[in-house]
>>> print(open('my_file-v9.pdb').read())   # PDB, C-alpha atoms
ATOM      1  CA  MET A   8      47.715  23.628 -31.267
ATOM      2  CA  PHE A   9      51.197  22.511 -30.223
ATOM      3  CA  LYS A  10      53.991  20.977 -32.244
ATOM      4  CA  ILE A  11      55.182  17.606 -31.013
ATOM      5  CA  GLY A  12      58.292  19.103 -29.381
ATOM      6  CA  GLU A  13      56.242  21.678 -27.491
ATOM      7  CA  PHE A  14      53.711  19.054 -26.431
ATOM      8  CA  SER A  15      56.558  16.810 -25.287
ATOM      9  CA  LYS A  16      57.819  19.505 -22.928
ATOM     10  CA  LEU A  17      54.359  20.319 -21.597
ATOM     11  CA  SER A  18      53.368  16.689 -21.064
ATOM     12  CA  ARG A  19      56.832  15.513 -19.937
ATOM     13  CA  ILE A  20      56.582  12.605 -22.394
ATOM     14  CA  SER A  21      59.427  12.029 -24.837
ATOM     15  CA  ILE A  22      58.882  12.552 -28.545
ATOM     16  CA  ARG A  23      59.766   8.904 -29.117
ATOM     17  CA  MET A  24      56.988   7.776 -26.760
ATOM     18  CA  LEU A  25      54.483  10.243 -28.230
ATOM     19  CA  ARG A  26      55.141   8.770 -31.662
ATOM     20  CA  HIS A  27      54.689   5.277 -30.240
ATOM     21  CA  TYR A  28      51.429   6.259 -28.519
ATOM     22  CA  ASP A  29      50.223   7.597 -31.849
ATOM     23  CA  GLU A  30      51.141   4.376 -33.661
ATOM     24  CA  ILE A  31      49.187   2.193 -31.220
ATOM     25  CA  GLY A  32      46.234   4.596 -31.019
ATOM     26  CA  LEU A  33      46.717   5.495 -27.352
ATOM     27  CA  LEU A  34      47.245   9.225 -27.864
ATOM     28  CA  VAL A  35      46.576  10.314 -31.445
ATOM     29  CA  PRO A  36      47.502  13.911 -32.392
ATOM     30  CA  GLU A  37      44.650  16.281 -33.036
ATOM     31  CA  HIS A  38      46.062  16.877 -36.503
ATOM     32  CA  THR A  39      48.718  15.258 -38.673
ATOM     33  CA  ASP A  40      49.857  17.020 -41.826
ATOM     34  CA  PRO A  41      49.294  14.564 -44.708
ATOM     35  CA  TRP A  42      52.274  15.953 -46.636
ATOM     36  CA  THR A  43      54.923  16.451 -43.983
ATOM     37  CA  GLY A  44      53.687  14.029 -41.296
ATOM     38  CA  TYR A  45      54.076  16.757 -38.672
ATOM     39  CA  ARG A  46      51.948  16.084 -35.611
ATOM     40  CA  GLN A  47      50.019  18.773 -33.747
ATOM     41  CA  TYR A  48      48.304  18.367 -30.387
ATOM     42  CA  ALA A  49      45.477  20.254 -28.705
ATOM     43  CA  ALA A  50      45.809  21.647 -25.171
ATOM     44  CA  ALA A  51      42.955  19.404 -24.016
ATOM     45  CA  GLN A  52      45.085  16.368 -24.872
ATOM     46  CA  LEU A  53      47.412  17.226 -22.008
ATOM     47  CA  ILE A  54      44.747  15.776 -19.689
ATOM     48  CA  THR A  55      44.899  12.441 -21.520
ATOM     49  CA  ALA A  56      48.698  12.558 -21.508
ATOM     50  CA  SER A  57      48.675  13.144 -17.749
ATOM     51  CA  ARG A  58      46.335  10.191 -17.204
ATOM     52  CA  ILE A  59      48.535   7.934 -19.321
ATOM     53  CA  THR A  60      51.604   8.905 -17.289
ATOM     54  CA  ALA A  61      49.769   8.297 -14.009
ATOM     55  CA  LEU A  62      48.587   4.846 -15.093
ATOM     56  CA  ARG A  63      52.029   3.872 -16.354
ATOM     57  CA  GLU A  64      53.547   4.904 -13.007
ATOM     58  CA  LEU A  65      51.045   2.579 -11.317
ATOM     59  CA  GLY A  66      52.476  -0.265 -13.375
ATOM     60  CA  PHE A  67      49.694  -0.751 -15.916
ATOM     61  CA  SER A  68      50.663  -2.040 -19.348
ATOM     62  CA  LEU A  69      49.903  -0.006 -22.455
ATOM     63  CA  ALA A  70      46.996  -2.319 -23.272
ATOM     64  CA  ASP A  71      45.593  -1.898 -19.757
ATOM     65  CA  THR A  72      46.139   1.840 -19.970
ATOM     66  CA  ALA A  73      44.052   2.060 -23.147
ATOM     67  CA  SER A  74      41.147   0.167 -21.560
ATOM     68  CA  LEU A  75      41.362   2.247 -18.386
ATOM     69  CA  LEU A  76      41.238   5.491 -20.347
ATOM     70  CA  ALA A  77      38.048   4.213 -21.985
ATOM     71  CA  CYS A  78      36.358   3.731 -18.598
ATOM     72  CA  TRP A  79      37.961   6.661 -16.773
ATOM     73  CA  GLU A  80      34.632   8.263 -15.868
ATOM     74  CA  ASP A  81      33.191   4.992 -14.534
ATOM     75  CA  ARG A  82      34.256   5.239 -10.888
ATOM     76  CA  SER A  83      33.130   1.714 -10.005
ATOM     77  CA  ALA A  84      35.028   0.122 -12.884
ATOM     78  CA  MET A  85      38.133   2.176 -12.112
ATOM     79  CA  GLU A  86      38.018   1.195  -8.454
ATOM     80  CA  GLN A  87      37.849  -2.498  -9.318
ATOM     81  CA  ARG A  88      40.801  -2.211 -11.708
ATOM     82  CA  LEU A  89      42.861  -0.274  -9.169
ATOM     83  CA  LEU A  90      42.071  -2.776  -6.407
ATOM     84  CA  ALA A  91      43.148  -5.624  -8.677
ATOM     85  CA  ARG A  92      46.396  -3.814  -9.460
ATOM     86  CA  ARG A  93      46.970  -3.185  -5.758
ATOM     87  CA  ALA A  94      46.567  -6.900  -5.007
ATOM     88  CA  ALA A  95      49.076  -7.749  -7.740
ATOM     89  CA  VAL A  96      51.609  -5.272  -6.358
ATOM     90  CA  GLU A  97      51.119  -6.631  -2.840
ATOM     91  CA  ALA A  98      51.745 -10.174  -4.090
ATOM     92  CA  SER A  99      54.935  -9.066  -5.847
ATOM     93  CA  ILE A 100      56.128  -7.410  -2.621
ATOM     94  CA  LEU A 101      55.619 -10.655  -0.711
ATOM     95  CA  GLU A 102      57.470 -12.582  -3.411
ATOM     96  CA  ALA A 103      60.339 -10.080  -3.312
ATOM     97  CA  SER A 104      60.403 -10.305   0.493
ATOM     98  CA  ASP A 105      60.790 -14.088   0.288
ATOM     99  CA  ARG A 106      63.656 -13.698  -2.185
ATOM    100  CA  LEU A 107      65.367 -11.170   0.074
ATOM    101  CA  ARG A 108      65.095 -13.571   2.996
ATOM    102  CA  LEU A 109      66.657 -16.369   0.934
ATOM    103  CA  LEU A 110      69.439 -14.038  -0.226
ATOM    104  CA  ASP A 111      70.137 -12.946   3.354
ATOM    105  CA  THR A 112      70.336 -16.600   4.427
ATOM    106  CA  ALA A 113      72.717 -17.420   1.567
ATOM    107  CA  LEU A 114      74.902 -14.404   2.363
ATOM    108  CA  ALA A 115      74.996 -15.247   6.069
ATOM    109  CA  ARG A 116      76.169 -18.768   5.329
ATOM    110  CA  LEU A 117      78.741 -17.554   2.831
ATOM    111  CA  ARG A 118      80.204 -15.026   5.296
ATOM    112  CA  LYS A 119      80.393 -17.638   8.039
ATOM    113  CA  GLU A 120      82.106 -20.032   5.606
ATOM    114  CA  GLU A 121      79.754 -22.718   6.851
ATOM    115  CA  THR A 122      80.241 -26.285   5.765
ATOM    116  CA  PRO A 123      77.145 -27.946   4.291
ATOM    117  CA  MET A 124      74.640 -28.882   6.958
ATOM    118  CA  LYS A 125      74.567 -32.551   7.899
ATOM    119  CA  TYR A 126      71.332 -34.375   8.624
ATOM    120  CA  ASP A 127      71.004 -37.647  10.472
ATOM    121  CA  VAL A 128      68.912 -40.110   8.485
ATOM    122  CA  THR A 129      67.291 -43.023  10.306
ATOM    123  CA  ILE A 130      64.993 -45.922   9.484
ATOM    124  CA  LYS A 131      61.817 -46.092  11.530
ATOM    125  CA  THR A 132      58.379 -47.651  11.294
ATOM    126  CA  LEU A 133      55.288 -45.601  12.042
ATOM    127  CA  PRO A 134      52.620 -47.863  13.530
ATOM    128  CA  GLU A 135      49.039 -48.162  12.351
ATOM    129  CA  ARG A 136      47.242 -44.915  13.122
ATOM    130  CA  GLN A 137      43.706 -43.542  13.229
ATOM    131  CA  VAL A 138      43.718 -40.202  11.424
ATOM    132  CA  ALA A 139      41.503 -37.342  10.348
ATOM    133  CA  SER A 140      42.331 -36.533   6.725
ATOM    134  CA  VAL A 141      41.713 -33.817   4.153
ATOM    135  CA  ARG A 142      42.888 -34.326   0.563
ATOM    136  CA  GLN A 143      42.492 -31.831  -2.268
ATOM    137  CA  ILE A 144      44.096 -30.562  -5.463
ATOM    138  CA  LEU A 145      45.735 -27.228  -4.613
ATOM    139  CA  PRO A 146      46.995 -24.437  -6.894
ATOM    140  CA  GLY A 147      50.485 -24.796  -5.400
ATOM    141  CA  TYR A 148      52.454 -26.227  -2.493
ATOM    142  CA  ASP A 149      52.324 -22.887  -0.692
ATOM    143  CA  ARG A 150      48.553 -23.309  -0.308
ATOM    144  CA  GLU A 151      48.825 -26.274   2.058
ATOM    145  CA  GLY A 152      47.646 -23.996   4.870
ATOM    146  CA  ASP A 153      44.212 -23.884   3.202
ATOM    147  CA  LEU A 154      43.729 -27.536   4.124
ATOM    148  CA  TRP A 155      44.619 -26.973   7.764
ATOM    149  CA  HIS A 156      42.184 -24.041   7.981
ATOM    150  CA  LEU A 157      39.471 -26.193   6.399
ATOM    151  CA  PHE A 158      40.249 -29.004   8.845
ATOM    152  CA  ALA A 159      40.003 -26.642  11.830
ATOM    153  CA  ARG A 160      36.646 -25.219  10.704
ATOM    154  CA  GLU A 161      34.961 -28.550  10.050
ATOM    155  CA  THR A 162      36.183 -30.312  13.196
ATOM    156  CA  ALA A 163      35.730 -27.454  15.676
ATOM    157  CA  SER A 164      32.484 -28.931  17.040
ATOM    158  CA  LEU A 165      33.663 -32.571  17.176
ATOM    159  CA  ARG A 166      35.931 -32.219  20.206
ATOM    160  CA  ILE A 167      38.514 -34.489  18.673
ATOM    161  CA  GLN A 168      41.004 -36.141  21.003
ATOM    162  CA  ASP A 169      44.621 -36.146  19.862
ATOM    163  CA  GLY A 170      46.252 -39.465  19.178
ATOM    164  CA  ASP A 171      49.445 -40.629  20.856
ATOM    165  CA  PRO A 172      51.668 -39.264  19.532
ATOM    166  CA  PRO A 173      49.587 -36.374  18.080
ATOM    167  CA  LEU A 174      51.213 -36.267  14.649
ATOM    168  CA  CYS A 175      50.366 -33.600  12.076
ATOM    169  CA  VAL A 176      51.349 -34.843   8.633
ATOM    170  CA  SER A 177      51.240 -33.588   5.052
ATOM    171  CA  ILE A 178      51.459 -36.141   2.228
ATOM    172  CA  PHE A 179      52.394 -35.234  -1.349
ATOM    173  CA  HIS A 180      50.736 -37.758  -3.632
ATOM    174  CA  ASP A 181      52.088 -36.629  -7.003
ATOM    175  CA  GLY A 182      54.876 -38.763  -8.389
ATOM    176  CA  GLU A 183      56.758 -35.651  -9.470
ATOM    177  CA  PHE A 184      57.239 -32.001  -8.595
ATOM    178  CA  LYS A 185      54.460 -29.931 -10.137
ATOM    179  CA  GLU A 186      54.164 -26.195 -10.731
ATOM    180  CA  SER A 187      50.402 -26.246 -10.107
ATOM    181  CA  ASP A 188      47.414 -28.520  -9.389
ATOM    182  CA  VAL A 189      49.250 -30.432  -6.670
ATOM    183  CA  ASP A 190      47.682 -33.405  -4.897
ATOM    184  CA  VAL A 191      48.138 -32.830  -1.149
ATOM    185  CA  GLU A 192      46.677 -34.627   1.845
ATOM    186  CA  ILE A 193      46.953 -33.588   5.479
ATOM    187  CA  GLN A 194      46.440 -35.947   8.386
ATOM    188  CA  LYS A 195      46.186 -35.569  12.124
ATOM    189  CA  THR A 196      46.455 -38.583  14.415
ATOM    190  CA  VAL A 197      43.308 -38.871  16.524
ATOM    191  CA  LYS A 198      41.829 -41.122  19.205
ATOM    192  CA  GLY A 199      38.198 -42.210  19.112
ATOM    193  CA  THR A 200      35.454 -42.452  16.503
ATOM    194  CA  TYR A 201      33.956 -39.469  14.687
ATOM    195  CA  PRO A 202      31.601 -38.862  11.754
ATOM    196  CA  ASP A 203      33.044 -37.671   8.461
ATOM    197  CA  THR A 204      32.383 -34.055   7.541
ATOM    198  CA  ALA A 205      32.094 -32.534   4.084
ATOM    199  CA  HIS A 206      35.870 -32.590   3.576
ATOM    200  CA  VAL A 207      37.364 -34.332   6.615
ATOM    201  CA  LYS A 208      37.488 -38.130   6.426
ATOM    202  CA  PHE A 209      38.391 -40.423   9.321
ATOM    203  CA  LYS A 210      40.330 -43.568   8.476
ATOM    204  CA  THR A 211      42.977 -46.026   9.619
ATOM    205  CA  VAL A 212      46.353 -45.885   7.904
ATOM    206  CA  PRO A 213      48.629 -48.963   7.877
ATOM    207  CA  PRO A 214      52.155 -49.090   9.311
ATOM    208  CA  VAL A 215      54.859 -47.630   7.088
ATOM    209  CA  THR A 216      58.644 -47.905   7.149
ATOM    210  CA  VAL A 217      60.398 -44.658   6.290
ATOM    211  CA  ALA A 218      63.808 -43.102   5.969
ATOM    212  CA  SER A 219      63.474 -39.886   7.919
ATOM    213  CA  ALA A 220      65.509 -36.819   8.770
ATOM    214  CA  THR A 221      64.506 -34.113  11.224
ATOM    215  CA  PHE A 222      65.679 -30.538  10.857
ATOM    216  CA  GLN A 223      65.089 -27.157  12.485
ATOM    217  CA  GLY A 224      64.521 -24.069  10.377
ATOM    218  CA  GLY A 225      62.465 -22.721   7.497
ATOM    219  CA  TYR A 226      60.913 -24.904   4.836
ATOM    220  CA  HIS A 227      63.439 -23.670   2.258
ATOM    221  CA  LEU A 228      65.840 -26.211   3.826
ATOM    222  CA  ILE A 229      63.753 -29.173   2.678
ATOM    223  CA  GLY A 230      65.716 -29.387  -0.587
ATOM    224  CA  GLU A 231      68.947 -29.985   1.355
ATOM    225  CA  VAL A 232      67.245 -32.560   3.572
ATOM    226  CA  ASN A 233      65.872 -34.392   0.522
ATOM    227  CA  GLN A 234      69.406 -34.630  -0.869
ATOM    228  CA  ALA A 235      70.655 -36.096   2.410
ATOM    229  CA  VAL A 236      67.868 -38.712   2.515
ATOM    230  CA  ALA A 237      68.399 -39.637  -1.163
ATOM    231  CA  ALA A 238      72.164 -40.055  -0.666
ATOM    232  CA  TRP A 239      71.605 -42.170   2.461
ATOM    233  CA  ALA A 240      69.053 -44.422   0.737
ATOM    234  CA  GLU A 241      71.344 -44.995  -2.223
ATOM    235  CA  ALA A 242      74.343 -45.756  -0.004
ATOM    236  CA  ASN A 243      72.401 -48.179   2.181
ATOM    237  CA  GLY A 244      70.552 -50.142  -0.462
ATOM    238  CA  TYR A 245      67.048 -48.715  -0.053
ATOM    239  CA  THR A 246      64.584 -47.629  -2.718
ATOM    240  CA  PHE A 247      61.717 -45.191  -2.306
ATOM    241  CA  GLU A 248      58.236 -46.679  -2.230
ATOM    242  CA  GLY A 249      55.181 -44.438  -2.030
ATOM    243  CA  PRO A 250      54.602 -40.703  -1.599
ATOM    244  CA  PHE A 251      56.826 -38.818   0.798
ATOM    245  CA  PHE A 252      55.403 -36.826   3.681
ATOM    246  CA  ASN A 253      56.357 -34.291   6.322
ATOM    247  CA  ILE A 254      55.653 -34.517  10.036
ATOM    248  CA  TYR A 255      55.353 -31.083  11.641
ATOM    249  CA  HIS A 256      56.673 -31.195  15.195
ATOM    250  CA  ILE A 257      56.822 -27.388  15.537
ATOM    251  CA  SER A 258      54.938 -25.540  12.801
ATOM    252  CA  PRO A 259      53.487 -22.078  12.059
ATOM    253  CA  ARG A 260      50.680 -23.045  14.425
ATOM    254  CA  GLU A 261      53.109 -22.860  17.362
ATOM    255  CA  THR A 262      55.461 -20.100  16.219
ATOM    256  CA  ARG A 263      55.800 -17.481  13.506
ATOM    257  CA  ASP A 264      59.588 -17.668  13.554
ATOM    258  CA  PRO A 265      60.716 -20.005  10.731
ATOM    259  CA  ASP A 266      64.017 -20.602  12.534
ATOM    260  CA  GLU A 267      62.056 -22.393  15.265
ATOM    261  CA  PHE A 268      60.175 -24.781  12.958
ATOM    262  CA  VAL A 269      60.967 -28.480  13.498
ATOM    263  CA  THR A 270      60.043 -30.745  10.582
ATOM    264  CA  GLU A 271      60.634 -34.431   9.914
ATOM    265  CA  VAL A 272      60.925 -35.405   6.263
ATOM    266  CA  CYS A 273      59.814 -39.019   5.686
ATOM    267  CA  TYR A 274      60.262 -41.209   2.599
ATOM    268  CA  PRO A 275      58.623 -44.662   2.586
ATOM    269  CA  VAL A 276      61.340 -47.160   1.640
ATOM    270  CA  ARG A 277      62.031 -50.848   1.125
ATOM    271  CA  LYS A 278      65.287 -52.750   1.013
ATOM    272  CA  ARG A 279      66.530 -53.493  -2.498
TER     273      ARG A 279
END
>>> encode(input="my_file-v9.pdb", output="structure tokens")
Amino acid sequence: MFKIGEFSKLSRISIRMLRHYDEIGLLVPEHTDPWTGYRQYAAAQLITASRITALRELGFSLADTASLLACWEDRSAMEQRLLARRAAVEASILEASDRLRLLDTALARLRKEETPMKYDVTIKTLPERQVASVRQILPGYDREGDLWHLFARETASLRIQDGDPPLCVSIFHDGEFKESDVDVEIQKTVKGTYPDTAHVKFKTVPPVTVASATFQGGYHLIGEVNQAVAAWAEANGYTFEGPFFNIYHISPRETRDPDEFVTEVCYPVRKR
């Protein structure tokens, strides 16, 4: 049996953490003196201590660690838990990568002492169009690509002819920004008549007058463009009317370089 100090050295876990593990039932000493409260550990408990340290280094919480220790010998269950943890870590890496990219962009602009970007806002009317449409509730705005993949799968055998011009549009039907469960519709201008599929619907959309601004670069710039359109509309006596939409002139379908994207932000408007 080892005193808590000796066990701390052997396990490379601090005495403070060993006491905490005891309190929450994660690693209970083999014996605790009822009079003095001194804790004593068995040599076999070093295996459990090592497993706890390994799981904590993998990023598991104490609650997860306790449940994983309980199923340690179940290889299938352990594999599933480790795969789930791996997916979570991978997602956090992607999120951190996006933040780094945004920080690099902000730093680059700061070092160049750039003035705020200016966007030309114009009024235009899109004529009546025949479109193929997919509309769904998505977990978030970043899942818009799911709709385009679904569209491609279900129309692959239809030999659809592109309209003139062949616009690819995403419409955001919610009246507000939402963190989740967003109502998104994608449309592609087509020519001809085709049967509806399970998710793709063919329809005619009426003409619409919009205030639009076209920009080149990643989608993180859309916030700046929105500000420019809002300021222009206010200054020129227009009010927004209907859901806004984006027209993708150059999108991830054509290039993987966000700096080469060309997007037109459109807000339906009417004169006040």
>>> residues_around(input="my_file-v9.pdb", residues="Ala159 (chain A)", least_positions_apart="4", cutoff="12 Å", atoms="only C-alpha atoms", output="ChimeraX atom specification")
/A:139-141,152-155,163-167,193-195,204,206-207,260
>>> closest_residue(input="my_file-v9.pdb", among="A:Leu17, A:Leu62, A:Val138, A:Ala73", to="Val35 (chain A)", atoms="all atoms listed in the file")
A:Ala73
>>> resolve_selection(input="my_file-v9.pdb", expression="the PyMOL selection byres ((chain A and resi 231) around 12)", output="list of chain:residue names")
A:Pro123, A:Met124, A:Lys125, A:Tyr126, A:Ala220, A:Thr221, A:Phe222, A:Gly224, A:Gly225, A:Tyr226, A:His227, A:Leu228, A:Ile229, A:Gly230, A:Val232, A:Asn233, A:Gln234, A:Ala235, A:Val236, A:Ala237, A:Ala238, A:Val272
>>> residues_near_point(input="my_file-v9.pdb", point="(50.8, 17.8, -37.4)", cutoff="12 Å", atoms="all atoms listed in the file", output="PyMOL selection string")
chain A and resi 8-14+26+29+35-49
>>> atom_distance(input="my_file-v9.pdb", atom1="CA of His27 (chain A)", atom2="CA of Thr72 (chain A)")
13.8 Å
>>> residues_around(input="my_file-v9.pdb", residues="region 89-103 of chain A", least_positions_apart="3", cutoff="10 Å", atoms="all atoms listed in the file", output="list of chain:residue names")
A:Leu62, A:Leu65, A:Gly66, A:Phe67, A:Leu75, A:Ser83, A:Ala84, A:Met85, A:Glu86, A:Arg106, A:Leu107, A:Arg108, A:Leu109
>>> residues_around(input="my_file-v9.pdb", residues="Gln137 (chain A)", least_positions_apart="5", cutoff="12 Å", atoms="all atoms listed in the file", output="JSON, numbers by chain")
{"A": [167, 168, 169, 170, 171, 172, 173, 174, 194, 195, 196, 197, 198, 199, 200, 201, 208, 209, 210, 211, 212, 213, 214]}
>>> resolve_selection(input="my_file-v9.pdb", expression="the PyMOL selection byres ((chain A and resi 249) around 12)", output="PyMOL selection string")
chain A and resi 178-183+215-218+246-248+250-252+273-277
>>> atom_distance(input="my_file-v9.pdb", atom1="CA of Phe268 (chain A)", atom2="CA of Gln223 (chain A)")
5.5 Å
>>> resolve_selection(input="my_file-v9.pdb", expression="the PyMOL selection byres ((chain A and resi 55) around 12)", output="list of chain:residue names")
A:Ser18, A:Ile20, A:Leu25, A:Tyr28, A:Leu33, A:Leu34, A:Val35, A:Pro36, A:Tyr48, A:Ala49, A:Ala50, A:Ala51, A:Gln52, A:Leu53, A:Ile54, A:Ala56, A:Ser57, A:Arg58, A:Ile59, A:Thr60, A:Ala61, A:Leu62, A:Thr72, A:Ala73, A:Leu75, A:Leu76, A:Ala77, A:Trp79
>>> closest_residue(input="my_file-v9.pdb", among="A:Val176, A:Phe184, A:Asp203, A:Thr112", to="Glu161 (chain A)", atoms="all atoms listed in the file")
A:Asp203
>>> atom_distance(input="my_file-v9.pdb", atom1="CA of Thr129 (chain A)", atom2="CA of Ala240 (chain A)")
9.8 Å
